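Chemist: For reference, the structure I am asking about is given below.
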Amino acid sequence: MANLPIVKMTLYKHGVGFYQRRGEVEGDSVTLIFRKEEMNDVLKSLTAFTVSGGQVLNVDYETPEDKAARLARSSIQLSDEASLRDLLRDLRGRQVAVETTAGTLEGTVVGVDLPSEREAMAAAILSVFVESQATVQPVRLADIRTLKLVDARAAGDLAFFLDASLADEEKRALTVRLTEGPSDLVLSYIGPSPTWRVSYRLVAEEVEGKPEGLLQGWGLFDNTFDEDLENVQVNLVAGMPVSFIYDLYNPFTPQRPVVQEEARTVVGPVEFAPALGAGLGAMAPGMIGEGSTSARGFKAMADMAAPRLSAADLGQATAVAATGQAQGEFFSYGITNPVTVRRGRSAMVPILQKPVKYRKERIYSAAPMKGKRANPIVTARFKNDTGLTLERGPVTVIEGGEYAGEAMLPFTGAGTEVYLAYAVDLGVKVTEETSSEQVLTSVSIQKGLLAVQEYHVQRTKYRVENNNDAPVEITIEHPKLANYAPFDTAEPAEVTSEAYRYNVNIEAHGVSTFAAAQRRLVARREEIRSQRLEQLRRWLRDRILDEGAFAALQQVLALYERIAEREAKLKENEGQRKEVLAQQKAIQANLGALRDQGEEAQLRARYVQTLNEQEDQLAQIKADDAEHRRAIQETQKEIEAVLAGF
């Protein structure tokens, strides 16, 4: 690969790199070595072409089998302990030319006779059959000077075995075949690559009383190749193209059905009758308080020890040689100066250095801190006016020449606002209390039902205590509740998709409170009959019901009481009916056992008389039930008339 180095590499965020190699090739081929796990991506994406001279004929690569399997395909098998012995053994039947101290002997190897374990290997005997002389001549191994393999297949098998023995189990060779003569060859392909990373520094300071800063970004990547990268053009892409692994390297032979030969019977001549007529049928992350003694002492010590880091110093000391440009759905940082990274090392290259106008804010996010005393987070807020897409990565914040904290910069497009939460202001403490209530707003009669509307109200009271030596302003993020709307609260300074933001000012060593409320209107319908007169009077007193509605509902409730009395009578009659029917069943059972003569006849007559009386009682109960139901229907009509008239 020395003559075909990497000249350009584009690294992505999802574990893939796109590489381009280029170099002069003098011969008719060039071989590249890849790791086994890279082969599928290489075979999927390899593109080869010549800029001048020569043409690409084809590409061949090692078959994907392990070393043992490859060696097993050779007719010559050599062990690590006795390779010469094994070679002579496997040359049986092959033509050789043996040069000895006495001369040269050509013939066919018959075999090798090995010495006993106590004898030296040199004592082994090689037997050679000389066909022209029809003799087998023994040759001691100690006398052999050279052994020439006349048999071409034997020489090829030995060469194959030795070549396969050199193969690395984890590496695979790929050879590009070219036409004869010099060629300027270019190869490009994709391969697995550790994702490139980015880290930022925000040097923040006040210039003429206004906060200004310098945002600097560094891209980090690794050289995972078995070679040095020298003067390589590097592109770092923010974005994620679709990518996958497809197994092209390992051969796959699908199973095919086996079809048996069928037995056929010889048939005799076939005759067809002529047709009648001529026609065929169509076929989807602590912050030190700014005014604290520890902060001032720490700063004084730092000023004595070393120069203070400023945005101007950093901007002059670092030369950013990178350009950013949109590439369709992606954004690319192109490193202008060629990069050199030695084998087994990684690199950091500056990709961004832009001034930013930021605003320092203290934000208290209420959602995670229910009922707890907490501190606001110090944030640096700025708009991405760099003209670049900022890839997600950690940010180290330097404020007034000192380390102030760290944050994560999210993936941010040009023109998007950024919040860097980098410290906690321990000098400000926030306590919140939450309460909820239901507030009835109206009661009306609709379609014979009571329509009730009420607000479900949730209130949160924030108590903010400032222990700093200077006044502060904090932003309270009050979480939005689904289907709720703010009320009885000041207008929010800002609204996000999940919260309302309210600004609260607190004097030095002072305390301030702020209340926020949200409510949701809930409507329900209830049966008028289930209402209590005391409830109606309370609604009338609270002016939720007017006089007319109260009078109508009072009348309706009285009518429902009459219905309830009738329904109680019906229930009482049903009990009596069941009792009479049970008695009748017992009497009827006794009648079956009585005779028509004597005393039994008299008892039988008494039972019959009782049954007749009970039948009269059942008839009366039935008539009473009918009267009660008629009265209920009449009363129901009165209720409907009252409600309809209202």
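The chains in the structure tokens are called A, B, ... from first to last as shown; in each chain the residues are counted from 1, and the ligands are counted from 1 in the order shown.
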Do you know which residues are at most 7 Å from range 391-404 of chain A counting only C-alpha atoms, after dropping those on the same chain fewer than 2 positions away, and could you put them as a list in words?
Modeler: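 Once the adjacent positions are removed, what remains is Val198, Ser199, Tyr200, Arg201, Leu202, Val203, Ala204, Glu205, Ala238, Met287, Arg308, Leu309, Ser310, Thr389, Glu406, Ala407, Met408, Leu409, Pro410, Phe411, Thr412 and Ala423 of chain A.
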Chemist: Create the file for the chosen residues now, containing C-alpha atoms and written as a short mmCIF file (atom, residue, chain, number, x, y, z; two decimals), in the first residue's frame.
Modeler:
```cif
data_model
loop_
_atom_site.label_atom_id
_atom_site.label_comp_id
_atom_site.auth_asym_id
_atom_site.auth_seq_id
_atom_site.Cartn_x
_atom_site.Cartn_y
_atom_site.Cartn_z
CA VAL A 198 -16.07 17.53 18.57
CA SER A 199 -15.27 19.58 21.68
CA TYR A 200 -15.82 23.30 22.18
CA ARG A 201 -14.37 26.11 24.30
CA LEU A 202 -16.39 29.22 25.12
CA VAL A 203 -14.14 32.03 26.39
CA ALA A 204 -16.58 34.52 27.93
CA GLU A 205 -15.74 38.00 29.18
CA ALA A 238 -22.23 16.50 10.57
CA MET A 287 -20.38 27.87 40.12
CA ARG A 308 -5.27 35.37 32.06
CA LEU A 309 -6.83 33.56 29.14
CA SER A 310 -8.81 35.96 27.01
CA THR A 389 -24.00 23.78 11.71
CA GLU A 406 -19.05 22.62 31.36
CA ALA A 407 -22.09 22.00 29.21
CA MET A 408 -23.30 19.98 26.25
CA LEU A 409 -23.90 21.79 23.01
CA PRO A 410 -26.73 20.10 21.13
CA PHE A 411 -26.80 19.63 17.38
CA THR A 412 -27.56 23.18 16.30
CA ALA A 423 -22.88 26.03 36.41
#
```
Chemist: What lies within 12 Å of Glu615 in chain A using only C-alpha atoms, ignoring chain neighbours under 5 positions off, as an MDAnalysis selection string?
Modeler: chainID A and resid 577 580:581 583:584 608:610 620:622
Chemist: Put those residues in a file: N, CA and C atoms, as a tab-separated table (two decimals), in the first residue's frame.
Modeler:
```
chain	number	residue	atom	x	y	z
A	577	ARG	N	-96.05	-9.84	46.86
A	577	ARG	CA	-96.35	-10.79	45.79
A	577	ARG	C	-95.50	-12.04	45.92
A	580	VAL	N	-96.86	-14.20	48.81
A	580	VAL	CA	-98.10	-14.91	48.48
A	580	VAL	C	-97.83	-16.08	47.55
A	581	LEU	N	-96.99	-15.85	46.54
A	581	LEU	CA	-96.68	-16.92	45.60
A	581	LEU	C	-95.98	-18.08	46.28
A	583	GLN	N	-96.45	-18.98	49.42
A	583	GLN	CA	-97.48	-19.69	50.19
A	583	GLN	C	-98.32	-20.57	49.28
A	584	GLN	N	-98.66	-20.04	48.13
A	584	GLN	CA	-99.45	-20.81	47.18
A	584	GLN	C	-98.72	-22.07	46.74
A	608	VAL	N	-108.29	-24.84	49.44
A	608	VAL	CA	-108.83	-24.25	48.21
A	608	VAL	C	-109.37	-22.86	48.48
A	609	GLN	N	-110.04	-22.69	49.63
A	609	GLN	CA	-110.56	-21.37	49.98
A	609	GLN	C	-109.43	-20.35	50.17
A	610	THR	N	-108.31	-20.84	50.80
A	610	THR	CA	-107.16	-19.94	51.02
A	610	THR	C	-106.54	-19.53	49.70
A	620	GLN	N	-105.37	-7.58	43.67
A	620	GLN	CA	-105.36	-6.24	44.25
A	620	GLN	C	-103.97	-5.61	44.15
A	621	ILE	N	-102.92	-6.46	44.39
A	621	ILE	CA	-101.53	-5.96	44.27
A	621	ILE	C	-101.26	-5.51	42.85
A	622	LYS	N	-101.77	-6.28	41.89
A	622	LYS	CA	-101.58	-5.93	40.48
A	622	LYS	C	-102.25	-4.61	40.15
```
Chemist: Give me the residues near Ser436 in chain A as a list in words, where near means some atom within 9 Å (using only C-alpha atoms) and where sequence neighbours in that chain fewer than 4 positions away do not count.
Modeler: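 Result of the neighbour search: His456, Val457, Gln458, Arg459 and Thr460 of chain A.
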Chemist: Rounded to one decimal place, report the CA of Val418 in chain A-CA of Leu220 in chain A distance in Å.
Modeler: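 Result for CA of Val418 in chain A versus CA of Leu220 in chain A: 22.3 Å, one decimal.
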Chemist: Write out as a PyMOL selection string each polymer residue whose atoms come within 12 Å of Arg153 in chain A, counting only C-alpha atoms; drop sequence neighbours fewer than 3 positions from it.
Modeler: chain A and resi 74-76+91+93-96+149-150+156-160
Chemist: Point out the residue among A:Arg22, A:Arg519, A:Arg532, A:His14 with the least atom-to-atom distance to Asp488 in chain A, counting only C-alpha atoms.
Modeler: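 That would be A:Arg519, the residue with the smallest distance to Asp488 in chain A.
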Chemist: Among range 402-488 of chain A, which residues does DSSP mark as strand (DSSP E or B) when it is run on the backbone? Keep the chain and numbering as in the structure and answer as an MDAnalysis selection string.
Modeler: chainID A and resid 402:409 412 417:425 428:446 449:466 472:479 485:486
Chemist: How about saving the chosen residues, C-alpha atoms kept, as a PDB file, in the first residue's frame?
Modeler:
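Final output, out-v6.pdb:
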```
ATOM      1  CA  GLU A 402     -11.025  31.014  34.834  1.00  0.00           C
ATOM      2  CA  TYR A 403     -12.774  27.686  34.413  1.00  0.00           C
ATOM      3  CA  ALA A 404     -16.470  28.258  35.043  1.00  0.00           C
ATOM      4  CA  GLY A 405     -18.059  24.931  34.131  1.00  0.00           C
ATOM      5  CA  GLU A 406     -19.053  22.616  31.356  1.00  0.00           C
ATOM      6  CA  ALA A 407     -22.087  22.002  29.208  1.00  0.00           C
ATOM      7  CA  MET A 408     -23.305  19.978  26.250  1.00  0.00           C
ATOM      8  CA  LEU A 409     -23.902  21.794  23.015  1.00  0.00           C
ATOM      9  CA  THR A 412     -27.557  23.184  16.298  1.00  0.00           C
ATOM     10  CA  GLU A 417     -30.659  29.780  19.698  1.00  0.00           C
ATOM     11  CA  VAL A 418     -28.353  27.916  22.095  1.00  0.00           C
ATOM     12  CA  TYR A 419     -28.555  27.513  25.880  1.00  0.00           C
ATOM     13  CA  LEU A 420     -25.366  26.312  27.572  1.00  0.00           C
ATOM     14  CA  ALA A 421     -26.154  25.310  31.163  1.00  0.00           C
ATOM     15  CA  TYR A 422     -22.657  25.275  32.638  1.00  0.00           C
ATOM     16  CA  ALA A 423     -22.877  26.034  36.412  1.00  0.00           C
ATOM     17  CA  VAL A 424     -25.152  26.130  39.476  1.00  0.00           C
ATOM     18  CA  ASP A 425     -25.631  29.406  41.392  1.00  0.00           C
ATOM     19  CA  VAL A 428     -29.754  31.671  45.016  1.00  0.00           C
ATOM     20  CA  LYS A 429     -32.263  29.216  46.471  1.00  0.00           C
ATOM     21  CA  VAL A 430     -35.766  28.532  45.205  1.00  0.00           C
ATOM     22  CA  THR A 431     -38.564  26.780  47.068  1.00  0.00           C
ATOM     23  CA  GLU A 432     -41.892  25.977  45.470  1.00  0.00           C
ATOM     24  CA  GLU A 433     -45.291  24.983  46.871  1.00  0.00           C
ATOM     25  CA  THR A 434     -48.028  23.550  44.687  1.00  0.00           C
ATOM     26  CA  SER A 435     -51.755  23.398  45.420  1.00  0.00           C
ATOM     27  CA  SER A 436     -54.837  22.528  43.410  1.00  0.00           C
ATOM     28  CA  GLU A 437     -58.553  23.289  43.668  1.00  0.00           C
ATOM     29  CA  GLN A 438     -61.815  23.024  41.771  1.00  0.00           C
ATOM     30  CA  VAL A 439     -63.798  26.206  41.161  1.00  0.00           C
ATOM     31  CA  LEU A 440     -67.452  25.894  40.069  1.00  0.00           C
ATOM     32  CA  THR A 441     -68.359  28.432  37.436  1.00  0.00           C
ATOM     33  CA  SER A 442     -71.859  27.636  36.224  1.00  0.00           C
ATOM     34  CA  VAL A 443     -74.815  25.255  36.606  1.00  0.00           C
ATOM     35  CA  SER A 444     -77.584  25.065  34.035  1.00  0.00           C
ATOM     36  CA  ILE A 445     -80.372  22.764  32.887  1.00  0.00           C
ATOM     37  CA  GLN A 446     -79.810  21.197  29.504  1.00  0.00           C
ATOM     38  CA  LEU A 449     -79.864  17.113  32.907  1.00  0.00           C
ATOM     39  CA  LEU A 450     -77.828  19.394  35.127  1.00  0.00           C
ATOM     40  CA  ALA A 451     -74.879  20.830  33.139  1.00  0.00           C
ATOM     41  CA  VAL A 452     -72.030  21.697  35.509  1.00  0.00           C
ATOM     42  CA  GLN A 453     -68.911  23.643  34.508  1.00  0.00           C
ATOM     43  CA  GLU A 454     -65.902  24.063  36.785  1.00  0.00           C
ATOM     44  CA  TYR A 455     -62.228  24.984  36.561  1.00  0.00           C
ATOM     45  CA  HIS A 456     -59.539  22.633  37.743  1.00  0.00           C
ATOM     46  CA  VAL A 457     -56.901  25.076  39.025  1.00  0.00           C
ATOM     47  CA  GLN A 458     -53.274  24.381  39.870  1.00  0.00           C
ATOM     48  CA  ARG A 459     -51.234  27.060  41.615  1.00  0.00           C
ATOM     49  CA  THR A 460     -47.498  27.153  42.314  1.00  0.00           C
ATOM     50  CA  LYS A 461     -45.859  29.656  44.649  1.00  0.00           C
ATOM     51  CA  TYR A 462     -42.128  30.237  44.215  1.00  0.00           C
ATOM     52  CA  ARG A 463     -40.019  31.721  46.990  1.00  0.00           C
ATOM     53  CA  VAL A 464     -36.636  33.008  45.767  1.00  0.00           C
ATOM     54  CA  GLU A 465     -33.862  33.807  48.257  1.00  0.00           C
ATOM     55  CA  ASN A 466     -30.770  35.690  47.024  1.00  0.00           C
ATOM     56  CA  VAL A 472     -29.909  38.992  40.354  1.00  0.00           C
ATOM     57  CA  GLU A 473     -32.597  38.178  37.862  1.00  0.00           C
ATOM     58  CA  ILE A 474     -33.678  34.601  37.481  1.00  0.00           C
ATOM     59  CA  THR A 475     -35.919  33.012  34.910  1.00  0.00           C
ATOM     60  CA  ILE A 476     -38.454  30.564  36.272  1.00  0.00           C
ATOM     61  CA  GLU A 477     -39.505  27.851  33.863  1.00  0.00           C
ATOM     62  CA  HIS A 478     -43.041  26.994  34.903  1.00  0.00           C
ATOM     63  CA  PRO A 479     -44.072  23.734  33.206  1.00  0.00           C
ATOM     64  CA  ALA A 485     -54.079  27.796  30.258  1.00  0.00           C
ATOM     65  CA  PRO A 486     -52.351  30.407  32.458  1.00  0.00           C
TER      66      PRO A 486
END
```
Chemist: DSSP says helix (DSSP H, G or I) for which residues of range 364-569 of chain A? Put them as a PyMOL selection string?
Modeler: chain A and resi 367-369+528-530+533-541+547-569
Chemist: Write the residues of the preceding selection, restricted to C-alpha atoms, as a PDB file, in the first residue's frame.
Modeler:
```
ATOM      1  CA  ALA A 367     -40.372  20.428  36.798  1.00  0.00           C
ATOM      2  CA  PRO A 368     -37.664  18.207  38.355  1.00  0.00           C
ATOM      3  CA  MET A 369     -37.650  20.013  41.735  1.00  0.00           C
ATOM      4  CA  ILE A 528     -81.180  16.302  38.564  1.00  0.00           C
ATOM      5  CA  ARG A 529     -82.728  13.600  40.729  1.00  0.00           C
ATOM      6  CA  SER A 530     -79.341  12.935  42.404  1.00  0.00           C
ATOM      7  CA  LEU A 533     -81.717  20.680  48.084  1.00  0.00           C
ATOM      8  CA  GLU A 534     -78.967  21.921  50.404  1.00  0.00           C
ATOM      9  CA  GLN A 535     -76.557  21.937  47.432  1.00  0.00           C
ATOM     10  CA  LEU A 536     -79.019  23.905  45.335  1.00  0.00           C
ATOM     11  CA  ARG A 537     -79.436  26.487  48.106  1.00  0.00           C
ATOM     12  CA  ARG A 538     -75.642  26.862  48.339  1.00  0.00           C
ATOM     13  CA  TRP A 539     -75.383  27.417  44.590  1.00  0.00           C
ATOM     14  CA  LEU A 540     -78.185  29.985  44.811  1.00  0.00           C
ATOM     15  CA  ARG A 541     -76.379  31.745  47.655  1.00  0.00           C
ATOM     16  CA  GLU A 547     -83.902  32.357  41.236  1.00  0.00           C
ATOM     17  CA  GLY A 548     -85.761  30.863  38.274  1.00  0.00           C
ATOM     18  CA  ALA A 549     -83.488  27.887  37.897  1.00  0.00           C
ATOM     19  CA  PHE A 550     -83.538  27.291  41.672  1.00  0.00           C
ATOM     20  CA  ALA A 551     -87.349  27.353  41.754  1.00  0.00           C
ATOM     21  CA  ALA A 552     -87.594  24.980  38.810  1.00  0.00           C
ATOM     22  CA  LEU A 553     -85.071  22.572  40.276  1.00  0.00           C
ATOM     23  CA  GLN A 554     -86.779  22.741  43.718  1.00  0.00           C
ATOM     24  CA  GLN A 555     -90.107  21.863  42.090  1.00  0.00           C
ATOM     25  CA  VAL A 556     -88.523  19.043  40.098  1.00  0.00           C
ATOM     26  CA  LEU A 557     -86.885  17.607  43.214  1.00  0.00           C
ATOM     27  CA  ALA A 558     -90.307  17.642  44.981  1.00  0.00           C
ATOM     28  CA  LEU A 559     -91.837  15.766  42.053  1.00  0.00           C
ATOM     29  CA  TYR A 560     -88.985  13.253  42.168  1.00  0.00           C
ATOM     30  CA  GLU A 561     -89.804  12.713  45.876  1.00  0.00           C
ATOM     31  CA  ARG A 562     -93.373  11.773  44.850  1.00  0.00           C
ATOM     32  CA  ILE A 563     -91.965   9.353  42.306  1.00  0.00           C
ATOM     33  CA  ALA A 564     -89.670   7.910  44.968  1.00  0.00           C
ATOM     34  CA  GLU A 565     -92.718   7.296  47.231  1.00  0.00           C
ATOM     35  CA  ARG A 566     -94.544   5.463  44.435  1.00  0.00           C
ATOM     36  CA  GLU A 567     -91.445   3.420  43.617  1.00  0.00           C
ATOM     37  CA  ALA A 568     -91.190   2.444  47.309  1.00  0.00           C
ATOM     38  CA  LYS A 569     -94.828   1.222  47.149  1.00  0.00           C
TER      39      LYS A 569
END
```
Chemist: Using only C-alpha atoms, which residues sit within 8 Å of Val98 in chain A once same-chain residues fewer than 2 positions away are excluded, as a list in words?
Modeler: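 Residues meeting the cut-off are Val96, Thr100, Thr104, Leu105, Glu106, Ile144, Arg145, Thr146, Leu147 and Lys148 of chain A.
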